[in-house]
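Novice: What follows is a structure written as structure tokens; I'll ask about it next.
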Amino acid sequence: MVLPVALTEGWPDDPVPLDPATAPVPAYGTGSLADLLPTLVAGQGVPGCEARLTELEPADRNCVFLIDGLGWEQIKAHPDEAPYLTSLLATSRGGTGRPLTAGFPATTATSLASVGTGQFPGTHGLPGYTVRNPDTGELMNQLRWNPWTSPPVWQPYPTVFRLADEAGIHTAQVSSPVFRDTPLTKIALSGGTFHGRLSGEERMDLAAEQLAAGDRSLVYTYYSELDGAGHRFGIASDAWRGQLMCVDRLVQRLAEQLPPRAALYVTADHGMVDIPFDEDHRIDFDEDWELRAGVALLGGEGRARHVYAVPGAEADVLTCWREVLGDRFWVASRDEAIGLGWFGDRIDERVYGRIGDVVAAAEGDLALTASVNEPNESAMVGMHGSMTAAEQLVPLLEVRT
């Protein structure tokens, strides 16, 4: 049936698909998280390391305080809860007042590997929250390291901490004791000495002590509770704002104890987006027969998906995902995403098959959940992973003595 012209006037056109080439690719090599530690230790004379963040001035003693989930946009939106952090915004990235980009996907396992190795996701090989292990065909959770696989085989590059320690720099990590022996710590953050402390205040005090313990020092410390509050309650919640207030006090506590010739850098692994609990913002893969057709495994997370097709169905899955999601997600084939630089400027052979046949990154405030196979992740309020500013932009606040 053909509708009369009068009835069709004013109807919206079909949604315009997002061009994957328009996705804001992280600033690998000039302004990403992976560029931070190589720059710091290059200034300390570590061989083979390059100062990629040219705006940073060298310091004899460097401390990196990584706060899980502390996005640049979230700091700017909460000056009352974070007065000290807000006062440091202009110092970010060597006094330029600009943020870094996290890298894709903007998720903890990927970002910590980028920070610790100085490598981009396509080379360090942790290109998502969950990815397929080409050797077994199973999904590998790279945060929880499940199922088990050999850490040095999965990620063979030396950490920057190890290079610094071998060059005679006093190197230490100060974090919760639960992270001491995790595979992610081994492949991303090992080198020098690990010091476990339970409270944030203890970590700040010990980080300052370790920074003063050498003429040249590299100290890393970490706080995860802000991210946890965001996932459970959202970044609009009182619980998240309370954690932000705590973080603000911890940063000031550490800054006030810095020894001479020291630089403190406050950064994060990603930002966060709150996803409303309705059908317009949450698409359930486990209940969508179109999206499931031809898919063998669904990896990644709600806002950054790796899709592994049944052999021979790759082109059909890409077409379907573009038709169903293409106006709300940047949807690319594996080779398109690689060619566009989503994972950096190089892909190691061992990493190629870990990337999805289709890669989908959310553009708006929505998520592709999996209520049956990922019940915990699907219940989260705050999510991250994609290439939006709220997720990608992270601070590099600086205090020097």
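The way I read the labels, and the way they are meant: chains A, B, ... in the order of the structure tokens, residue 1 as the first residue of every chain, and ligand 1 as the first ligand shown, with later ones counted on from there.
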Give me, as a list in words, all polymer residues having an atom no more than 7 Å from stretch 192-199 of chain A, counting only C-alpha atoms and skipping those fewer than 4 positions away in the same chain.

Specialist: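 That gives Phe161, Arg162, Asp165, Thr171, Ala172, Gln173, Val174, Ser175, Ser176, Pro177, Arg180 and Arg203 of chain A.
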
Novice: Give the strand (DSSP E) residues of stretch 84-285 of chain A, as DSSP finds them on the backbone, and put them as an MDAnalysis selection string.

Specialist: chainID A and resid 100:101 130:132 139:141 170:175 193:196 217:223 262:267 273:274 282:284

Novice: Hey, what's within 7 Å of stretch 79-83 of chain A if we count only C-alpha atoms and toss same-chain stuff fewer than 5 positions away? As a PyMOL selection string, please?

Specialist: chain A and resi 241+244-245+248

Novice: I want to know what sits within 9 Å of A:Ala208, based on only C-alpha atoms, with residues of the same chain fewer than 5 positions away left out; could you give that as a PyMOL selection string?

Specialist: chain A and resi 63+203+213+219+254-255+257-259

Novice: With distances taken over only C-alpha atoms, which residue among A:Val178, A:Ala361, A:Ala268, A:Leu325 lies nearest A:Val64?

Specialist: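 Among the listed residues, the smallest separation from A:Val64 belongs to A:Ala268.
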
Novice: Find the residue from A:Gly364, A:Gly103, A:Gly200, A:Gly31 that sits nearest to A:Tyr223; use only C-alpha atoms when measuring.

Specialist: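 Using only C-alpha atoms, the shortest distance to A:Tyr223 belongs to A:Gly200.
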
Novice: Any idea what's packed within 10 Å of A:Val46, counting only C-alpha atoms, ignoring anything in its chain fewer than 3 positions away? Could you give it as a list in words?

Specialist: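 My reading of the contact set: Pro38, Thr39, Leu40, Val41, Ala42, Gly43, Cys49, Glu50, Val160, Leu163, Ala164, Asp165, Glu166, Ala167, Gly168 and Ile169 of chain A.
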
Novice: Store the residues picked out above, limited to C-alpha atoms, as a CSV table (one decimal), in the first residue's frame.

Specialist:
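The resulting again_10.csv:
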```csv
chain,number,residue,atom,x,y,z
A,38,PRO,CA,58.1,6.0,28.7
A,39,THR,CA,58.2,9.8,28.8
A,40,LEU,CA,58.9,9.8,32.6
A,41,VAL,CA,61.7,7.2,32.6
A,42,ALA,CA,63.3,8.7,29.4
A,43,GLY,CA,63.7,11.8,31.5
A,49,CYS,CA,62.6,4.8,26.2
A,50,GLU,CA,61.4,7.8,24.3
A,160,VAL,CA,58.5,0.0,32.0
A,163,LEU,CA,63.2,-1.5,32.6
A,164,ALA,CA,63.5,1.3,35.2
A,165,ASP,CA,64.5,-1.1,37.9
A,166,GLU,CA,67.2,-2.6,35.7
A,167,ALA,CA,68.5,0.9,35.0
A,168,GLY,CA,69.1,1.5,38.7
A,169,ILE,CA,66.0,3.5,39.5
```

Novice: Which residues, written as a ChimeraX atom specification, have at least one atom at most 7 Å from A:Arg52, with only C-alpha atoms counted and residues fewer than 4 positions away on the same chain left out?

Specialist: /A:29-30,35,39

Novice: Pick out the residues sitting within 6 Å of A:Pro99, and hand them over as an mmCIF file with C-alpha atoms, in the first residue's frame; count only C-alpha atoms, and ignore anything fewer than 4 positions along from it in its own chain.

Specialist:
```cif
data_model
loop_
_atom_site.group_PDB
_atom_site.id
_atom_site.type_symbol
_atom_site.label_atom_id
_atom_site.label_comp_id
_atom_site.auth_asym_id
_atom_site.auth_seq_id
_atom_site.Cartn_x
_atom_site.Cartn_y
_atom_site.Cartn_z
ATOM 1 C CA LEU A 393 39.547 11.641 28.228
ATOM 2 C CA VAL A 394 41.559 11.217 31.415
ATOM 3 C CA PRO A 395 43.532 13.767 33.442
#
```

Novice: Measuring between only C-alpha atoms, which one of A:Tyr220, A:Phe343, A:Trp321, A:Phe120 shows the shortest distance to A:Ala34?

Specialist: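 For A:Ala34, the nearest of the candidates is A:Phe120.
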
Novice: Name the residues of stretch 35-253 of chain A that come out as helix (DSSP H, G or I) in a backbone DSSP run; write them as a CSV table (one decimal) with N, CA and C atoms, in the first residue's frame.

Specialist:
```
chain,number,residue,atom,x,y,z
A,35,ASP,N,51.8,6.6,26.6
A,35,ASP,CA,52.9,7.4,26.3
A,35,ASP,C,53.5,8.0,27.6
A,36,LEU,N,52.8,7.8,28.8
A,36,LEU,CA,53.2,8.5,30.0
A,36,LEU,C,54.5,7.9,30.6
A,37,LEU,N,54.5,6.6,30.9
A,37,LEU,CA,55.7,6.1,31.6
A,37,LEU,C,57.0,6.1,30.8
A,38,PRO,N,56.9,5.8,29.5
A,38,PRO,CA,58.1,6.0,28.7
A,38,PRO,C,58.7,7.4,28.7
A,39,THR,N,57.8,8.4,28.7
A,39,THR,CA,58.2,9.8,28.8
A,39,THR,C,58.9,10.0,30.2
A,40,LEU,N,58.3,9.6,31.3
A,40,LEU,CA,58.9,9.8,32.6
A,40,LEU,C,60.3,9.2,32.7
A,41,VAL,N,60.4,7.9,32.3
A,41,VAL,CA,61.7,7.2,32.6
A,41,VAL,C,62.7,7.7,31.5
A,42,ALA,N,62.3,8.1,30.4
A,42,ALA,CA,63.3,8.7,29.4
A,42,ALA,C,64.0,9.9,30.1
A,72,TRP,N,38.2,12.8,32.9
A,72,TRP,CA,38.4,14.3,32.8
A,72,TRP,C,37.1,15.0,32.9
A,73,GLU,N,36.1,14.6,32.2
A,73,GLU,CA,34.8,15.3,32.2
A,73,GLU,C,34.1,15.2,33.6
A,74,GLN,N,34.3,14.0,34.3
A,74,GLN,CA,33.7,13.9,35.6
A,74,GLN,C,34.4,14.9,36.6
A,75,ILE,N,35.7,15.1,36.5
A,75,ILE,CA,36.3,16.1,37.4
A,75,ILE,C,35.7,17.5,37.1
A,76,LYS,N,35.6,17.8,35.9
A,76,LYS,CA,35.2,19.2,35.5
A,76,LYS,C,33.7,19.4,35.9
A,83,PRO,N,37.5,19.9,45.0
A,83,PRO,CA,38.1,21.2,44.9
A,83,PRO,C,39.6,21.2,44.6
A,84,TYR,N,40.3,20.2,45.2
A,84,TYR,CA,41.8,20.2,45.0
A,84,TYR,C,42.1,19.7,43.6
A,85,LEU,N,41.4,18.7,43.1
A,85,LEU,CA,41.6,18.2,41.8
A,85,LEU,C,41.3,19.3,40.8
A,86,THR,N,40.2,20.0,41.1
A,86,THR,CA,39.8,21.1,40.2
A,86,THR,C,40.8,22.2,40.1
A,87,SER,N,41.5,22.5,41.2
A,87,SER,CA,42.5,23.5,41.3
A,87,SER,C,43.7,23.1,40.4
A,89,LEU,N,43.5,21.4,37.4
A,89,LEU,CA,43.1,21.1,36.0
A,89,LEU,C,44.0,21.9,35.1
A,90,ALA,N,44.4,23.1,35.4
A,90,ALA,CA,45.3,23.8,34.5
A,90,ALA,C,46.7,23.2,34.4
A,91,THR,N,47.1,22.4,35.3
A,91,THR,CA,48.4,21.8,35.3
A,91,THR,C,48.5,20.6,34.4
A,92,SER,N,47.3,20.1,34.0
A,92,SER,CA,47.3,18.8,33.3
A,92,SER,C,48.1,18.9,32.0
A,93,ARG,N,48.8,17.8,31.8
A,93,ARG,CA,49.6,17.5,30.6
A,93,ARG,C,50.6,18.7,30.4
A,94,GLY,N,51.5,18.8,31.5
A,94,GLY,CA,52.6,19.8,31.4
A,94,GLY,C,52.1,21.2,31.4
A,95,GLY,N,51.0,21.6,32.0
A,95,GLY,CA,50.6,22.9,32.0
A,95,GLY,C,49.8,23.4,30.8
A,108,THR,N,39.7,-1.1,32.0
A,108,THR,CA,40.8,-1.2,33.0
A,108,THR,C,41.9,-2.1,32.5
A,109,ALA,N,41.6,-3.3,32.1
A,109,ALA,CA,42.7,-4.3,31.7
A,109,ALA,C,43.5,-3.7,30.6
A,110,THR,N,42.8,-3.1,29.6
A,110,THR,CA,43.5,-2.6,28.4
A,110,THR,C,44.4,-1.4,28.8
A,111,SER,N,43.8,-0.5,29.6
A,111,SER,CA,44.5,0.7,30.0
A,111,SER,C,45.7,0.4,31.0
A,112,LEU,N,45.5,-0.5,31.9
A,112,LEU,CA,46.7,-0.8,32.8
A,112,LEU,C,47.8,-1.4,32.0
A,113,ALA,N,47.5,-2.3,31.0
A,113,ALA,CA,48.5,-2.8,30.2
A,113,ALA,C,49.2,-1.8,29.4
A,114,SER,N,48.5,-0.8,28.9
A,114,SER,CA,49.1,0.3,28.1
A,114,SER,C,50.0,1.2,29.0
A,115,VAL,N,49.5,1.5,30.2
A,115,VAL,CA,50.3,2.3,31.2
A,115,VAL,C,51.6,1.6,31.5
A,116,GLY,N,51.5,0.3,31.9
A,116,GLY,CA,52.6,-0.4,32.4
A,116,GLY,C,53.6,-0.8,31.4
A,117,THR,N,53.2,-1.1,30.2
A,117,THR,CA,54.2,-1.5,29.2
A,117,THR,C,54.6,-0.4,28.2
A,121,PRO,N,47.3,-1.2,22.6
A,121,PRO,CA,46.5,-2.4,22.7
A,121,PRO,C,46.8,-3.4,21.6
A,122,GLY,N,47.1,-3.0,20.4
A,122,GLY,CA,47.4,-3.9,19.3
A,122,GLY,C,48.7,-4.7,19.5
A,123,THR,N,49.6,-4.2,20.3
A,123,THR,CA,50.8,-4.9,20.6
A,123,THR,C,50.9,-5.5,21.9
A,124,HIS,N,50.4,-4.9,23.0
A,124,HIS,CA,50.5,-5.6,24.3
A,124,HIS,C,49.5,-6.7,24.3
A,151,PRO,N,50.7,-15.9,31.7
A,151,PRO,CA,50.8,-14.4,31.5
A,151,PRO,C,51.9,-13.9,30.6
A,152,PRO,N,53.2,-14.5,30.6
A,152,PRO,CA,54.2,-14.0,29.7
A,152,PRO,C,54.0,-14.4,28.3
A,153,VAL,N,53.2,-15.4,28.0
A,153,VAL,CA,52.9,-15.8,26.7
A,153,VAL,C,51.8,-14.8,26.1
A,154,TRP,N,50.8,-14.5,27.0
A,154,TRP,CA,49.7,-13.6,26.6
A,154,TRP,C,50.3,-12.2,26.4
A,160,VAL,N,57.6,-1.1,31.8
A,160,VAL,CA,58.5,0.0,32.0
A,160,VAL,C,59.1,0.0,33.4
A,161,PHE,N,58.3,-0.5,34.3
A,161,PHE,CA,58.8,-0.6,35.7
A,161,PHE,C,60.1,-1.5,35.7
A,162,ARG,N,60.0,-2.6,35.0
A,162,ARG,CA,61.1,-3.5,35.0
A,162,ARG,C,62.3,-2.9,34.3
A,163,LEU,N,62.1,-2.2,33.2
A,163,LEU,CA,63.2,-1.5,32.6
A,163,LEU,C,63.8,-0.4,33.5
A,164,ALA,N,63.0,0.3,34.3
A,164,ALA,CA,63.5,1.3,35.2
A,164,ALA,C,64.3,0.7,36.3
A,165,ASP,N,63.8,-0.4,36.8
A,165,ASP,CA,64.5,-1.1,37.9
A,165,ASP,C,65.8,-1.6,37.4
A,166,GLU,N,65.9,-2.2,36.2
A,166,GLU,CA,67.2,-2.6,35.7
A,166,GLU,C,68.1,-1.5,35.4
A,177,PRO,N,46.8,-5.1,48.8
A,177,PRO,CA,47.4,-6.4,48.9
A,177,PRO,C,46.8,-7.4,47.9
A,178,VAL,N,45.5,-7.2,47.6
A,178,VAL,CA,44.9,-8.2,46.8
A,178,VAL,C,45.4,-8.3,45.3
A,179,PHE,N,46.1,-7.2,44.9
A,179,PHE,CA,46.7,-7.1,43.6
A,179,PHE,C,48.1,-7.6,43.5
A,183,PRO,N,47.7,-12.0,37.7
A,183,PRO,CA,48.4,-12.0,36.4
A,183,PRO,C,48.4,-10.7,35.8
A,184,LEU,N,47.4,-9.9,36.0
A,184,LEU,CA,47.4,-8.5,35.4
A,184,LEU,C,48.5,-7.7,35.9
A,185,THR,N,48.8,-7.8,37.2
A,185,THR,CA,49.9,-7.1,37.9
A,185,THR,C,51.2,-7.6,37.3
A,186,LYS,N,51.3,-8.9,37.1
A,186,LYS,CA,52.6,-9.4,36.6
A,186,LYS,C,52.9,-8.9,35.2
A,187,ILE,N,51.9,-8.9,34.3
A,187,ILE,CA,52.2,-8.6,32.9
A,187,ILE,C,52.2,-7.1,32.7
A,188,ALA,N,51.6,-6.3,33.6
A,188,ALA,CA,51.5,-4.8,33.3
A,188,ALA,C,52.3,-3.9,34.3
A,200,GLY,N,43.5,3.8,51.7
A,200,GLY,CA,44.0,4.8,50.8
A,200,GLY,C,45.1,5.7,51.5
A,201,GLU,N,44.8,6.1,52.7
A,201,GLU,CA,45.7,7.0,53.5
A,201,GLU,C,47.1,6.3,53.6
A,202,GLU,N,47.1,5.0,54.0
A,202,GLU,CA,48.4,4.3,54.1
A,202,GLU,C,49.1,4.2,52.8
A,203,ARG,N,48.4,4.1,51.7
A,203,ARG,CA,49.0,4.0,50.4
A,203,ARG,C,49.7,5.4,50.1
A,204,MET,N,49.0,6.5,50.4
A,204,MET,CA,49.6,7.8,50.1
A,204,MET,C,50.8,8.0,50.9
A,205,ASP,N,50.8,7.7,52.1
A,205,ASP,CA,52.0,7.9,53.0
A,205,ASP,C,53.2,7.1,52.5
A,206,LEU,N,52.9,5.8,52.2
A,206,LEU,CA,54.0,4.9,51.8
A,206,LEU,C,54.5,5.3,50.4
A,207,ALA,N,53.6,5.8,49.5
A,207,ALA,CA,54.1,6.2,48.2
A,207,ALA,C,55.0,7.4,48.4
A,208,ALA,N,54.7,8.3,49.2
A,208,ALA,CA,55.6,9.4,49.5
A,208,ALA,C,57.0,8.9,50.0
A,209,GLU,N,56.9,8.0,51.0
A,209,GLU,CA,58.2,7.4,51.5
A,209,GLU,C,59.0,6.8,50.4
A,210,GLN,N,58.4,6.0,49.6
A,210,GLN,CA,59.1,5.3,48.5
A,210,GLN,C,59.7,6.3,47.5
A,211,LEU,N,59.0,7.3,47.3
A,211,LEU,CA,59.4,8.3,46.3
A,211,LEU,C,60.7,9.0,46.8
A,212,ALA,N,60.8,9.1,48.1
A,212,ALA,CA,62.0,9.8,48.7
A,212,ALA,C,63.2,8.8,48.9
A,225,GLU,N,38.2,2.2,44.3
A,225,GLU,CA,36.9,2.3,44.9
A,225,GLU,C,36.0,3.3,44.1
A,226,LEU,N,36.5,4.3,43.5
A,226,LEU,CA,35.7,5.3,42.7
A,226,LEU,C,35.0,4.5,41.6
A,227,ASP,N,35.7,3.7,40.9
A,227,ASP,CA,35.2,3.0,39.8
A,227,ASP,C,34.1,2.0,40.2
A,228,GLY,N,34.3,1.4,41.4
A,228,GLY,CA,33.3,0.4,41.9
A,228,GLY,C,32.0,1.1,42.2
A,229,ALA,N,32.1,2.3,42.8
A,229,ALA,CA,30.9,3.1,43.1
A,229,ALA,C,30.1,3.5,41.8
A,230,GLY,N,30.9,3.9,40.8
A,230,GLY,CA,30.3,4.2,39.6
A,230,GLY,C,29.6,3.1,38.9
A,231,HIS,N,30.2,1.9,38.9
A,231,HIS,CA,29.5,0.7,38.3
A,231,HIS,C,28.2,0.4,39.0
A,232,ARG,N,28.3,0.4,40.4
A,232,ARG,CA,27.1,0.0,41.1
A,232,ARG,C,26.0,1.0,41.2
A,233,PHE,N,26.4,2.3,41.4
A,233,PHE,CA,25.4,3.3,41.6
A,233,PHE,C,25.3,4.4,40.6
A,238,ASP,N,25.0,9.7,45.1
A,238,ASP,CA,25.7,10.2,46.3
A,238,ASP,C,26.9,9.3,46.6
A,239,ALA,N,26.8,8.0,46.4
A,239,ALA,CA,27.9,7.1,46.7
A,239,ALA,C,29.2,7.5,45.9
A,240,TRP,N,28.9,7.7,44.6
A,240,TRP,CA,30.1,8.1,43.7
A,240,TRP,C,30.7,9.4,44.1
A,241,ARG,N,29.8,10.4,44.4
A,241,ARG,CA,30.3,11.7,44.8
A,241,ARG,C,31.1,11.6,46.1
A,242,GLY,N,30.6,10.8,47.0
A,242,GLY,CA,31.4,10.6,48.2
A,242,GLY,C,32.7,10.0,48.0
A,243,GLN,N,32.8,9.1,47.1
A,243,GLN,CA,34.1,8.5,46.7
A,243,GLN,C,35.0,9.6,46.1
A,244,LEU,N,34.4,10.4,45.3
A,244,LEU,CA,35.2,11.5,44.6
A,244,LEU,C,35.8,12.4,45.7
A,245,MET,N,35.0,12.7,46.7
A,245,MET,CA,35.5,13.6,47.8
A,245,MET,C,36.7,12.9,48.5
A,246,CYS,N,36.6,11.6,48.7
A,246,CYS,CA,37.7,10.8,49.3
A,246,CYS,C,38.9,10.9,48.4
A,247,VAL,N,38.8,10.7,47.1
A,247,VAL,CA,39.9,10.7,46.2
A,247,VAL,C,40.6,12.1,46.3
A,248,ASP,N,39.8,13.2,46.3
A,248,ASP,CA,40.3,14.5,46.3
A,248,ASP,C,41.2,14.7,47.6
A,249,ARG,N,40.8,14.2,48.7
A,249,ARG,CA,41.6,14.3,49.9
A,249,ARG,C,42.9,13.5,49.8
A,250,LEU,N,42.8,12.3,49.2
A,250,LEU,CA,44.0,11.4,49.1
A,250,LEU,C,45.0,12.1,48.2
A,251,VAL,N,44.6,12.7,47.1
A,251,VAL,CA,45.5,13.3,46.2
A,251,VAL,C,46.2,14.5,46.9
A,252,GLN,N,45.5,15.3,47.7
A,252,GLN,CA,46.1,16.4,48.4
A,252,GLN,C,47.0,15.9,49.5
A,253,ARG,N,46.7,14.8,50.1
A,253,ARG,CA,47.5,14.2,51.2
A,253,ARG,C,48.9,13.8,50.6
```

Novice: When you count only C-alpha atoms, which of these residues is closest to A:Val399: A:Pro260, A:Pro24, A:Gly312, A:Gly214?

Specialist: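 Among the listed residues, A:Pro260 lies closest to A:Val399.
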